[in-house]
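K.L.:
Just query.cif, nothing more (mmCIF, C-alpha atoms):
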data_final
#
loop_
_atom_site.group_PDB
_atom_site.id
_atom_site.type_symbol
_atom_site.label_atom_id
_atom_site.label_comp_id
_atom_site.auth_asym_id
_atom_site.auth_seq_id
_atom_site.Cartn_x
_atom_site.Cartn_y
_atom_site.Cartn_z
ATOM 1 C CA MET M 1 31.726 -37.938 18.032
ATOM 2 C CA SER M 2 33.426 -35.279 20.073
ATOM 3 C CA ARG M 3 31.484 -33.395 22.716
ATOM 4 C CA PHE M 4 32.530 -30.121 21.194
ATOM 5 C CA THR M 5 31.437 -30.736 17.618
ATOM 6 C CA LEU M 6 28.553 -28.306 17.907
ATOM 7 C CA LEU M 7 30.656 -25.615 19.576
ATOM 8 C CA LYS M 8 33.345 -25.998 16.910
ATOM 9 C CA LYS M 9 30.769 -25.711 14.178
ATOM 10 C CA ALA M 10 29.209 -22.648 15.784
ATOM 11 C CA ARG M 11 32.605 -20.991 16.042
ATOM 12 C CA GLU M 12 33.384 -21.829 12.427
ATOM 13 C CA ILE M 13 30.203 -20.193 11.137
ATOM 14 C CA GLY M 14 30.199 -17.234 13.479
ATOM 15 C CA VAL M 15 27.343 -14.748 13.880
ATOM 16 C CA VAL M 16 24.671 -14.917 11.195
ATOM 17 C CA THR M 17 22.112 -12.599 12.772
ATOM 18 C CA GLU M 18 21.655 -9.360 10.827
ATOM 19 C CA ARG M 19 21.795 -6.054 12.690
ATOM 20 C CA TYR M 20 18.741 -4.655 10.995
ATOM 21 C CA PRO M 21 17.097 -1.921 13.080
ATOM 22 C CA TYR M 22 20.540 -0.475 13.848
ATOM 23 C CA LYS M 23 22.070 -0.919 10.409
ATOM 24 C CA PRO M 24 20.218 -0.546 7.103
ATOM 25 C CA THR M 25 19.553 -3.603 5.009
ATOM 26 C CA GLU M 26 19.835 -4.182 1.282
ATOM 27 C CA VAL M 27 17.045 -5.373 -0.980
ATOM 28 C CA PRO M 28 17.570 -7.905 -3.784
ATOM 29 C CA GLU M 29 17.643 -6.822 -7.400
ATOM 30 C CA GLY M 30 14.206 -6.435 -8.946
ATOM 31 C CA PHE M 31 12.572 -6.013 -5.558
ATOM 32 C CA ARG M 32 9.143 -4.415 -5.783
ATOM 33 C CA GLY M 33 8.693 -1.927 -2.991
ATOM 34 C CA LYS M 34 6.298 0.968 -2.632
ATOM 35 C CA PRO M 35 4.978 2.187 -6.011
ATOM 36 C CA GLU M 36 5.374 5.922 -6.378
ATOM 37 C CA ILE M 37 3.592 8.257 -8.782
ATOM 38 C CA ASP M 38 5.759 10.977 -10.287
ATOM 39 C CA PRO M 39 3.315 13.929 -10.241
ATOM 40 C CA GLU M 40 5.237 15.787 -12.949
ATOM 41 C CA LYS M 41 4.878 12.942 -15.442
ATOM 42 C CA CYS M 42 1.358 11.658 -14.688
ATOM 43 C CA ILE M 43 -1.257 12.627 -17.285
ATOM 44 C CA GLY M 44 -4.274 11.183 -15.468
ATOM 45 C CA CYS M 45 -5.208 8.587 -18.099
ATOM 46 C CA CYS M 46 -6.280 6.090 -15.386
ATOM 47 C CA ALA M 47 -4.617 3.072 -17.068
ATOM 48 C CA CYS M 48 -3.134 2.121 -13.695
ATOM 49 C CA ILE M 49 -6.570 2.241 -12.076
ATOM 50 C CA ALA M 50 -7.965 -0.221 -14.619
ATOM 51 C CA ALA M 51 -4.996 -2.540 -14.061
ATOM 52 C CA CYS M 52 -4.856 -2.471 -10.245
ATOM 53 C CA PRO M 53 -6.115 -5.877 -8.955
ATOM 54 C CA PRO M 54 -7.109 -4.823 -5.409
ATOM 55 C CA ASN M 55 -8.275 -1.301 -6.417
ATOM 56 C CA ALA M 56 -5.621 0.320 -4.270
ATOM 57 C CA LEU M 57 -5.462 2.977 -6.981
ATOM 58 C CA THR M 58 -8.664 4.948 -7.365
ATOM 59 C CA SER M 59 -9.675 8.064 -9.254
ATOM 60 C CA LEU M 60 -12.244 10.728 -8.541
ATOM 61 C CA ASP M 61 -13.243 13.818 -10.516
ATOM 62 C CA GLU M 62 -13.979 16.614 -8.098
ATOM 63 C CA ASN M 63 -14.080 20.428 -8.265
ATOM 64 C CA GLY M 64 -12.246 20.604 -11.556
ATOM 65 C CA TYR M 65 -9.516 18.245 -10.456
ATOM 66 C CA ARG M 66 -8.899 14.568 -11.134
ATOM 67 C CA ILE M 67 -7.682 12.941 -7.937
ATOM 68 C CA ILE M 68 -5.506 9.864 -8.472
ATOM 69 C CA ARG M 69 -5.157 8.227 -5.099
ATOM 70 C CA ILE M 70 -3.015 5.283 -4.063
ATOM 71 C CA PHE M 71 -3.636 3.579 -0.728
ATOM 72 C CA TYR M 72 -0.579 1.545 0.240
ATOM 73 C CA GLY M 73 -2.567 -0.317 2.885
ATOM 74 C CA ARG M 74 -4.357 -2.247 0.170
ATOM 75 C CA CYS M 75 -1.566 -2.380 -2.422
ATOM 76 C CA ILE M 76 -0.244 -5.879 -3.112
ATOM 77 C CA PHE M 77 2.969 -4.597 -4.744
ATOM 78 C CA CYS M 78 2.410 -6.541 -7.972
ATOM 79 C CA GLY M 79 3.827 -3.779 -10.189
ATOM 80 C CA ARG M 80 1.007 -3.891 -12.766
ATOM 81 C CA CYS M 81 0.541 -0.107 -12.522
ATOM 82 C CA ALA M 82 4.200 0.481 -13.314
ATOM 83 C CA ASP M 83 3.917 -1.894 -16.298
ATOM 84 C CA VAL M 84 0.872 -0.271 -17.887
ATOM 85 C CA CYS M 85 1.729 3.402 -17.270
ATOM 86 C CA PRO M 86 2.206 4.920 -20.759
ATOM 87 C CA GLU M 87 4.301 7.801 -19.429
ATOM 88 C CA GLY M 88 6.451 5.760 -17.044
ATOM 89 C CA ALA M 89 5.213 7.918 -14.199
ATOM 90 C CA ILE M 90 4.789 5.036 -11.745
ATOM 91 C CA ARG M 91 7.961 3.487 -10.448
ATOM 92 C CA MET M 92 8.459 0.628 -8.016
ATOM 93 C CA THR M 93 10.836 2.004 -5.395
ATOM 94 C CA GLU M 94 12.923 -0.017 -2.975
ATOM 95 C CA GLU M 95 11.149 1.358 0.082
ATOM 96 C CA PHE M 96 9.471 -1.258 2.249
ATOM 97 C CA GLU M 97 9.468 0.292 5.729
ATOM 98 C CA LEU M 98 5.882 1.494 5.566
ATOM 99 C CA THR M 99 5.055 1.393 9.265
ATOM 100 C CA ALA M 100 2.267 3.881 9.927
ATOM 101 C CA ASP M 101 0.132 4.926 12.885
ATOM 102 C CA ASP M 102 -2.842 5.976 10.831
ATOM 103 C CA HIS M 103 -4.233 4.757 7.523
ATOM 104 C CA GLU M 104 -4.267 8.358 6.290
ATOM 105 C CA GLU M 105 -0.474 8.249 6.270
ATOM 106 C CA LEU M 106 -0.539 5.482 3.693
ATOM 107 C CA ILE M 107 -2.176 7.656 1.038
ATOM 108 C CA GLN M 108 -0.519 9.413 -1.873
ATOM 109 C CA GLU M 109 -2.617 11.760 -3.977
ATOM 110 C CA VAL M 110 -2.042 13.460 -7.304
ATOM 111 C CA ARG M 111 -4.550 16.143 -8.280
ATOM 112 C CA LEU M 112 -4.568 17.133 -11.935
ATOM 113 C CA LYS M 113 -6.543 19.939 -13.567
ATOM 114 C CA LEU M 114 -9.455 19.032 -15.840
ATOM 115 C CA VAL M 115 -10.623 20.723 -19.058
ATOM 116 C CA ARG M 116 -14.207 21.577 -19.950
ATOM 117 C CA CYS M 117 -16.037 20.354 -23.025
ATOM 118 C CA SER M 118 -16.392 23.208 -25.501
ATOM 119 C CA VAL M 119 -20.033 22.241 -26.248
ATOM 120 C CA CYS M 120 -21.670 21.314 -22.929
ATOM 121 C CA GLY M 121 -19.084 22.782 -20.553
ATOM 122 C CA ARG M 122 -18.637 19.768 -18.314
ATOM 123 C CA TYR M 123 -15.254 18.521 -17.144
ATOM 124 C CA TYR M 124 -14.175 15.451 -19.066
ATOM 125 C CA ASP M 125 -10.389 15.004 -19.310
ATOM 126 C CA THR M 126 -7.185 16.231 -17.746
ATOM 127 C CA GLU M 127 -5.433 19.213 -19.227
ATOM 128 C CA ARG M 128 -2.203 17.276 -19.606
ATOM 129 C CA HIS M 129 -3.887 14.476 -21.526
ATOM 130 C CA TYR M 130 -5.600 17.005 -23.806
ATOM 131 C CA ARG M 131 -2.319 18.764 -24.497
ATOM 132 C CA MET M 132 -0.671 15.422 -25.204
ATOM 133 C CA ILE M 133 -3.323 14.592 -27.825
ATOM 134 C CA LEU M 134 -2.830 17.995 -29.460
ATOM 135 C CA LYS M 135 0.896 17.384 -29.569
ATOM 136 C CA GLU M 136 0.374 13.978 -31.151
ATOM 137 C CA PHE M 137 -1.739 15.562 -33.891
ATOM 138 C CA GLU M 138 0.999 18.095 -34.520
ATOM 139 C CA GLU M 139 3.668 15.449 -34.671
ATOM 140 C CA ALA M 140 1.617 13.497 -37.203
ATOM 141 C CA GLY M 141 1.515 16.609 -39.367
ATOM 142 C CA LEU M 142 -2.214 17.199 -38.956
ATOM 143 C CA LYS M 143 -3.613 20.627 -38.289
ATOM 144 C CA VAL M 144 -6.674 20.774 -36.090
ATOM 145 C CA ASP M 145 -8.655 23.450 -34.294
ATOM 146 C CA PRO M 146 -7.929 23.017 -30.553
ATOM 147 C CA GLU M 147 -11.414 24.176 -29.535
ATOM 148 C CA VAL M 148 -13.106 21.619 -31.757
ATOM 149 C CA LEU M 149 -10.972 18.819 -30.355
ATOM 150 C CA LYS M 150 -11.881 19.842 -26.816
ATOM 151 C CA ARG M 151 -15.090 17.828 -26.699
ATOM 152 C CA CYS M 152 -16.424 15.257 -24.273
ATOM 153 C CA PRO M 153 -16.962 11.688 -25.564
ATOM 154 C CA GLU M 154 -20.699 12.340 -26.080
ATOM 155 C CA HIS M 155 -20.211 15.368 -28.278
ATOM 156 C CA ARG M 156 -17.301 13.742 -30.029
ATOM 157 C CA MET M 157 -19.713 11.213 -31.528
ATOM 158 C CA GLY M 158 -20.531 11.976 -35.126
ATOM 159 C CA MET M 159 -17.376 13.970 -35.602
ATOM 160 C CA ASN M 160 -15.345 13.154 -38.646
ATOM 161 C CA ALA M 161 -12.251 14.535 -40.272
ATOM 162 C CA GLU M 162 -14.302 17.176 -42.058
ATOM 163 C CA VAL M 163 -15.958 18.459 -38.889
ATOM 164 C CA ILE M 164 -12.677 18.817 -37.045
ATOM 165 C CA GLY M 165 -11.337 20.695 -40.029
ATOM 166 C CA LEU M 166 -8.585 18.209 -40.467
ATOM 167 C CA ARG M 167 -6.266 18.623 -43.345
ATOM 168 C CA ARG M 168 -2.804 17.391 -43.943
ATOM 169 C CA VAL M 169 -0.164 20.076 -43.794
ATOM 170 C CA ARG M 170 2.329 19.787 -46.587
ATOM 171 C CA LYS M 171 5.903 19.853 -45.472
ATOM 172 C CA MET A 1 5.495 3.278 23.020
ATOM 173 C CA ILE A 2 6.297 0.282 25.207
ATOM 174 C CA LYS A 3 9.421 0.564 27.352
ATOM 175 C CA LYS A 4 9.661 -3.031 28.546
ATOM 176 C CA SER A 5 9.962 -6.244 26.549
ATOM 177 C CA ILE A 6 7.141 -6.820 24.112
ATOM 178 C CA TRP A 7 5.358 -10.134 24.200
ATOM 179 C CA ILE A 8 3.577 -10.828 20.981
ATOM 180 C CA TYR A 9 0.660 -13.047 20.141
ATOM 181 C CA HIS A 10 0.162 -14.171 16.572
ATOM 182 C CA LEU A 11 -3.459 -14.036 15.431
ATOM 183 C CA ASN A 12 -4.349 -15.275 11.957
ATOM 184 C CA THR A 13 -7.836 -14.222 10.880
ATOM 185 C CA GLY A 14 -8.132 -16.144 7.641
ATOM 186 C CA GLY A 15 -5.026 -15.099 5.759
ATOM 187 C CA CYS A 16 -3.169 -17.117 3.140
ATOM 188 C CA ASN A 17 -0.247 -17.868 5.530
ATOM 189 C CA GLY A 18 2.186 -15.686 3.540
ATOM 190 C CA CYS A 19 2.411 -13.111 6.317
ATOM 191 C CA ASP A 20 2.519 -15.868 8.956
ATOM 192 C CA ILE A 21 5.605 -17.340 7.343
ATOM 193 C CA GLU A 22 7.238 -13.902 7.432
ATOM 194 C CA ILE A 23 6.424 -13.594 11.138
ATOM 195 C CA ILE A 24 8.114 -16.949 11.739
ATOM 196 C CA ASP A 25 11.042 -15.661 9.673
ATOM 197 C CA VAL A 26 11.387 -12.769 12.118
ATOM 198 C CA LEU A 27 11.748 -15.270 14.985
ATOM 199 C CA THR A 28 14.485 -17.318 13.303
ATOM 200 C CA PRO A 29 18.181 -16.840 14.259
ATOM 201 C CA PHE A 30 18.843 -14.848 11.086
ATOM 202 C CA HIS A 31 16.529 -11.959 11.962
ATOM 203 C CA ASP A 32 16.280 -12.883 15.656
ATOM 204 C CA VAL A 33 13.658 -10.525 17.023
ATOM 205 C CA GLU A 34 14.383 -11.783 20.557
ATOM 206 C CA ARG A 35 17.413 -9.512 20.720
ATOM 207 C CA LEU A 36 14.888 -6.642 20.912
ATOM 208 C CA GLY A 37 13.194 -8.396 23.815
ATOM 209 C CA VAL A 38 10.274 -9.578 21.731
ATOM 210 C CA ARG A 39 8.891 -12.973 22.622
ATOM 211 C CA LEU A 40 6.172 -15.048 21.017
ATOM 212 C CA VAL A 41 3.574 -16.275 23.499
ATOM 213 C CA GLY A 42 0.879 -18.873 23.091
ATOM 214 C CA SER A 43 -2.011 -17.059 24.711
ATOM 215 C CA PRO A 44 -3.452 -13.566 24.185
ATOM 216 C CA ARG A 45 -3.687 -13.248 27.980
ATOM 217 C CA HIS A 46 0.106 -12.890 28.124
ATOM 218 C CA ALA A 47 0.461 -10.576 25.155
ATOM 219 C CA ASP A 48 1.196 -6.851 24.896
ATOM 220 C CA VAL A 49 1.008 -6.734 21.134
ATOM 221 C CA ILE A 50 -1.214 -8.785 18.848
ATOM 222 C CA LEU A 51 0.161 -9.432 15.372
ATOM 223 C CA LEU A 52 -2.972 -9.620 13.254
ATOM 224 C CA THR A 53 -2.801 -11.125 9.773
ATOM 225 C CA GLY A 54 -5.539 -11.872 7.271
ATOM 226 C CA PRO A 55 -8.592 -9.960 6.033
ATOM 227 C CA ILE A 56 -10.770 -10.959 9.050
ATOM 228 C CA THR A 57 -13.202 -13.398 7.516
ATOM 229 C CA ARG A 58 -16.749 -13.588 8.799
ATOM 230 C CA GLN A 59 -16.028 -17.025 10.239
ATOM 231 C CA SER A 60 -13.030 -15.828 12.242
ATOM 232 C CA MET A 61 -14.378 -12.453 13.375
ATOM 233 C CA GLU A 62 -15.978 -13.611 16.627
ATOM 234 C CA LYS A 63 -12.856 -15.533 17.606
ATOM 235 C CA ALA A 64 -10.671 -12.552 16.746
ATOM 236 C CA ILE A 65 -12.808 -10.301 18.970
ATOM 237 C CA ASN A 66 -12.526 -12.822 21.817
ATOM 238 C CA ALA A 67 -8.753 -13.027 21.429
ATOM 239 C CA ILE A 68 -8.329 -9.249 21.316
ATOM 240 C CA MET A 69 -10.572 -8.749 24.355
ATOM 241 C CA ALA A 70 -8.605 -11.406 26.261
ATOM 242 C CA ALA A 71 -5.379 -9.396 25.974
ATOM 243 C CA PRO A 72 -4.698 -7.188 28.997
ATOM 244 C CA ASP A 73 -4.479 -3.391 28.723
ATOM 245 C CA PRO A 74 -2.426 -1.577 27.528
ATOM 246 C CA LYS A 75 -2.547 -3.543 24.306
ATOM 247 C CA PHE A 76 -1.648 -2.780 20.744
ATOM 248 C CA ILE A 77 -2.393 -4.359 17.410
ATOM 249 C CA VAL A 78 0.040 -4.612 14.539
ATOM 250 C CA ALA A 79 -1.876 -5.168 11.307
ATOM 251 C CA ILE A 80 0.482 -7.146 9.092
ATOM 252 C CA GLY A 81 -0.016 -7.425 5.365
ATOM 253 C CA SER A 82 -2.340 -5.799 2.856
ATOM 254 C CA CYS A 83 -5.277 -7.956 3.945
ATOM 255 C CA ALA A 84 -5.168 -6.774 7.530
ATOM 256 C CA CYS A 85 -4.369 -3.147 6.648
ATOM 257 C CA GLY A 86 -7.026 -2.492 4.045
ATOM 258 C CA GLY A 87 -8.678 -5.759 3.051
ATOM 259 C CA GLY A 88 -6.229 -6.633 0.259
ATOM 260 C CA ILE A 89 -7.746 -8.133 -2.863
ATOM 261 C CA TRP A 90 -10.711 -9.304 -0.763
ATOM 262 C CA TYR A 91 -11.670 -5.821 0.398
ATOM 263 C CA ASP A 92 -15.171 -6.039 -1.143
ATOM 264 C CA SER A 93 -15.797 -9.764 -0.719
ATOM 265 C CA TYR A 94 -18.944 -10.875 1.111
ATOM 266 C CA ALA A 95 -16.931 -13.434 3.077
ATOM 267 C CA THR A 96 -14.562 -10.948 4.717
ATOM 268 C CA VAL A 97 -15.049 -7.934 6.907
ATOM 269 C CA GLY A 98 -12.500 -6.082 4.778
ATOM 270 C CA GLY A 99 -9.546 -5.003 6.839
ATOM 271 C CA ILE A 100 -8.934 -3.500 10.229
ATOM 272 C CA GLU A 101 -10.849 -0.253 9.622
ATOM 273 C CA ALA A 102 -14.118 -2.073 8.964
ATOM 274 C CA PHE A 103 -13.357 -4.423 11.837
ATOM 275 C CA TYR A 104 -12.881 -1.500 14.222
ATOM 276 C CA LYS A 105 -16.172 -0.042 13.081
ATOM 277 C CA ILE A 106 -17.892 -3.281 14.127
ATOM 278 C CA LEU A 107 -16.040 -3.217 17.459
ATOM 279 C CA ARG A 108 -17.191 0.345 18.124
ATOM 280 C CA GLU A 109 -20.775 -0.567 17.282
ATOM 281 C CA ARG A 110 -20.585 -3.282 19.941
ATOM 282 C CA GLY A 111 -19.264 -0.836 22.503
ATOM 283 C CA VAL A 112 -15.723 -2.252 22.625
ATOM 284 C CA LYS A 113 -12.930 0.315 22.663
ATOM 285 C CA PRO A 114 -10.531 -0.840 19.947
ATOM 286 C CA PRO A 115 -6.807 -0.815 20.766
ATOM 287 C CA LYS A 116 -4.337 1.366 18.871
ATOM 288 C CA VAL A 117 -3.177 -0.127 15.608
ATOM 289 C CA ILE A 118 0.120 0.057 13.722
ATOM 290 C CA TYR A 119 -0.006 -0.671 9.997
ATOM 291 C CA VAL A 120 2.605 -2.761 8.198
ATOM 292 C CA PRO A 121 1.581 -2.957 4.509
ATOM 293 C CA GLY A 122 3.112 -5.492 2.161
ATOM 294 C CA CYS A 123 1.991 -8.628 0.404
ATOM 295 C CA PRO A 124 3.642 -10.186 2.344
ATOM 296 C CA PRO A 125 5.763 -7.561 4.146
ATOM 297 C CA ARG A 126 9.476 -8.281 4.352
ATOM 298 C CA PRO A 127 10.656 -9.645 7.714
ATOM 299 C CA GLU A 128 12.595 -6.383 8.048
ATOM 300 C CA ALA A 129 9.338 -4.444 7.671
ATOM 301 C CA ILE A 130 7.849 -6.362 10.621
ATOM 302 C CA LEU A 131 11.104 -5.817 12.548
ATOM 303 C CA HIS A 132 10.840 -2.108 11.740
ATOM 304 C CA ALA A 133 7.333 -1.980 13.218
ATOM 305 C CA LEU A 134 8.470 -3.755 16.398
ATOM 306 C CA ALA A 135 11.530 -1.496 16.610
ATOM 307 C CA TYR A 136 9.175 1.470 16.230
ATOM 308 C CA PHE A 137 7.360 0.255 19.350
ATOM 309 C CA LYS A 138 10.649 0.284 21.232
ATOM 310 C CA GLY A 139 11.599 3.699 19.871
ATOM 311 C CA LEU A 140 14.551 2.300 17.928
ATOM 312 C CA ALA A 141 13.260 3.262 14.491
ATOM 313 C CA SER A 142 11.350 6.234 13.139
ATOM 314 C CA LYS A 143 8.469 6.403 10.707
ATOM 315 C CA LYS A 144 9.444 6.893 7.083
ATOM 316 C CA ILE A 145 6.084 7.471 5.422
ATOM 317 C CA LYS A 146 3.610 10.342 5.485
ATOM 318 C CA LYS A 147 0.591 11.460 3.516
ATOM 319 C CA ARG A 148 1.546 13.277 0.341
ATOM 320 C CA ILE A 149 -0.738 15.353 -1.842
ATOM 321 C CA PHE A 150 0.352 16.938 -5.095
ATOM 322 C CA VAL A 151 -1.871 19.632 -6.610
ATOM 323 C CA GLU A 152 -1.242 20.790 -10.179
ATOM 324 C CA LYS A 153 -0.817 24.534 -10.390
#
In structure tokens, how does this file's structure come out?

P.N.:
Amino acid sequence: MSRFTLLKKAREIGVVTERYPYKPTEVPEGFRGKPEIDPEKCIGCCACIAACPPNALTSLDENGYRIIRIFYGRCIFCGRCADVCPEGAIRMTEEFELTADDHEELIQEVRLKLVRCSVCGRYYDTERHYRMILKEFEEAGLKVDPEVLKRCPEHRMGMNAEVIGLRRVRK
Amino acid sequence: MIKKSIWIYHLNTGGCNGCDIEIIDVLTPFHDVERLGVRLVGSPRHADVILLTGPITRQSMEKAINAIMAAPDPKFIVAIGSCACGGGIWYDSYATVGGIEAFYKILRERGVKPPKVIYVPGCPPRPEAILHALAYFKGLASKKIKKRIFVEK
């Protein structure tokens, strides 16, 4: 065995070290980076909050707003929230450089307006979700009084098609 | 933050070893963190920066406090992984303290001034994410994340 086998081999292969902090790096296909909520698409249904294993996503109803909060410090980047989101508002980005000085920097918040129940007047659902339900009724060809549909789950009990004033619109 | 070469000490506080493997990845010739002057040392007494992984279990808490107090000032902590940053999936378990925030609260109660902490979330974080944090110490990289609040009009 020659004395220079190792040197020859090293010369053959060349430099393998990546130049990362100076040059950007690429991520593999299907890489799950930071999940991001698109605030324009989110309807505040909280499906992601039910799915999140470490409860990095939390919701809070406060002052007429529903606060959907994601804390990246606890997120395990599993992508369950992106899977269950009915509107496709959560997307797994390719960002992974999440270095932060303070845990406050790792928070993303979406605050959505709430609607009041037409009977008891308490906040119960987001305005976007309510409008989406109305739209679904319209698309199904059902005519319904918007004020009657605007009821909290308690006052919705005992409602039937007759109470809502539901009747099929003939096309 | 630190002008001279950073010497790091690797402190596992009950993690699953995922983050530890990524730290070792950073030291391999492919990522080669030594070109930034970073060196792994075997004792916290030699360290400038402590790389803390794991959710800080109750069993390991006392040892972690001893190791952190043994490091000379000025010292910094890099919390690596979701467990260290916010408790991960064990954030409400009885067996863990639940992340660095809760740990610092205990330190303050005992009258110990906790060192400054840099967060590196990820489960586990990519080796490049750890490199980014160490490059941030040297002033070679800038922060890319900030708090964002959207309010519906």

K.L.:
Env of Ile21 of chain A: 12 Å cut, atoms = only C-alpha atoms, seq-sep filter 3 positions within chain, self excluded. Answer as a PyMOL selection string.

P.N.:
chain A and resi 10+12+15-18+24-28+53+80-81+123-127+130

K.L.:
With 7 Å as the threshold, what does the neighbourhood of (-4.2, 18.3, -7.9) contain in terms of residues, counting all atoms listed in the file? Coordinates are those of the file; answer as a list in words.

P.N.:
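Output: Tyr65, Arg66, Ile67, Val110, Arg111, Leu112 and Lys113 of chain M; Phe150, Val151 and Glu152 of chain A.
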
K.L.:
Define the interface residues of chain A facing chain M as those within 7 Å, counting only C-alpha atoms, and report them as a compact mmCIF listing (two decimals) with C-alpha atoms, in the coordinates of the input.

P.N.:
# COMPACT_ATOMS: atom_id res chain seq x y z
CA PRO A 29 18.18 -16.84 14.26
CA PHE A 30 18.84 -14.85 11.09
CA HIS A 31 16.53 -11.96 11.96
CA ASP A 32 16.28 -12.88 15.66
CA SER A 82 -2.34 -5.80 2.86
CA CYS A 83 -5.28 -7.96 3.94
CA CYS A 85 -4.37 -3.15 6.65
CA GLY A 86 -7.03 -2.49 4.04
CA GLY A 87 -8.68 -5.76 3.05
CA GLY A 88 -6.23 -6.63 0.26
CA ILE A 89 -7.75 -8.13 -2.86
CA VAL A 117 -3.18 -0.13 15.61
CA ILE A 118 0.12 0.06 13.72
CA TYR A 119 -0.01 -0.67 10.00
CA VAL A 120 2.60 -2.76 8.20
CA PRO A 121 1.58 -2.96 4.51
CA GLY A 122 3.11 -5.49 2.16
CA CYS A 123 1.99 -8.63 0.40
CA ALA A 129 9.34 -4.44 7.67
CA HIS A 132 10.84 -2.11 11.74
CA ALA A 133 7.33 -1.98 13.22
CA ALA A 135 11.53 -1.50 16.61
CA LEU A 140 14.55 2.30 17.93
CA ALA A 141 13.26 3.26 14.49
CA LYS A 143 8.47 6.40 10.71
CA LYS A 144 9.44 6.89 7.08
CA ILE A 145 6.08 7.47 5.42
CA LYS A 146 3.61 10.34 5.48
CA LYS A 147 0.59 11.46 3.52
CA ARG A 148 1.55 13.28 0.34
CA ILE A 149 -0.74 15.35 -1.84
CA PHE A 150 0.35 16.94 -5.10
CA VAL A 151 -1.87 19.63 -6.61
CA GLU A 152 -1.24 20.79 -10.18

K.L.:
Would you compute the distance between atom CA of Met159 of chain M and atom CA of Pro86 of chain M? Give it in Å to one decimal.

P.N.:
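Between atom CA of Met159 of chain M and atom CA of Pro86 of chain M the gap works out to 26.2 Å.
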
K.L.:
Hey, which of A:Arg110, A:Arg58, A:Lys116, A:Lys3 ends up closest to Asp73 of chain A? Count all atoms listed in the file.

P.N.:
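For Asp73 of chain A, the nearest of the given residues is A:Lys116.
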
K.L.:
Which residue, M:Leu60, M:Val119, M:Cys48, M:Ile70, has the smallest gap to Ala82 of chain M when you use all atoms listed in the file?

P.N.:
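Among M:Leu60, M:Val119, M:Cys48, M:Ile70, it is M:Cys48 that comes nearest to Ala82 of chain M.
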
K.L.:
Could you please determine the separation between atom CA of Gln59 of chain A and atom CA of His46 of chain A in Å, to one decimal place?

P.N.:
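Distance reported for this atom pair: 24.4 Å.
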
K.L.:
Have a look at atom CA of Phe103 of chain A and atom CA of Cys19 of chain A and let me know their distance in Å, one decimal.

P.N.:
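Atom CA of Phe103 of chain A sits 18.8 Å away from atom CA of Cys19 of chain A.
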
K.L.:
Could you give me, as an MDAnalysis selection string, the residues within 8 Å of Val148 of chain M, counting all atoms listed in the file and dropping anything in the same chain fewer than 3 positions from it?

P.N.:
chainID M and resid 118 144:145 151 164

K.L.:
Please evaluate the PyMOL selection byres ((chain M and resi 43) around 8) against the structure above and give the resulting residues as a ChimeraX atom specification.

P.N.:
/M:41-42,44-45,87,112,126,128-129
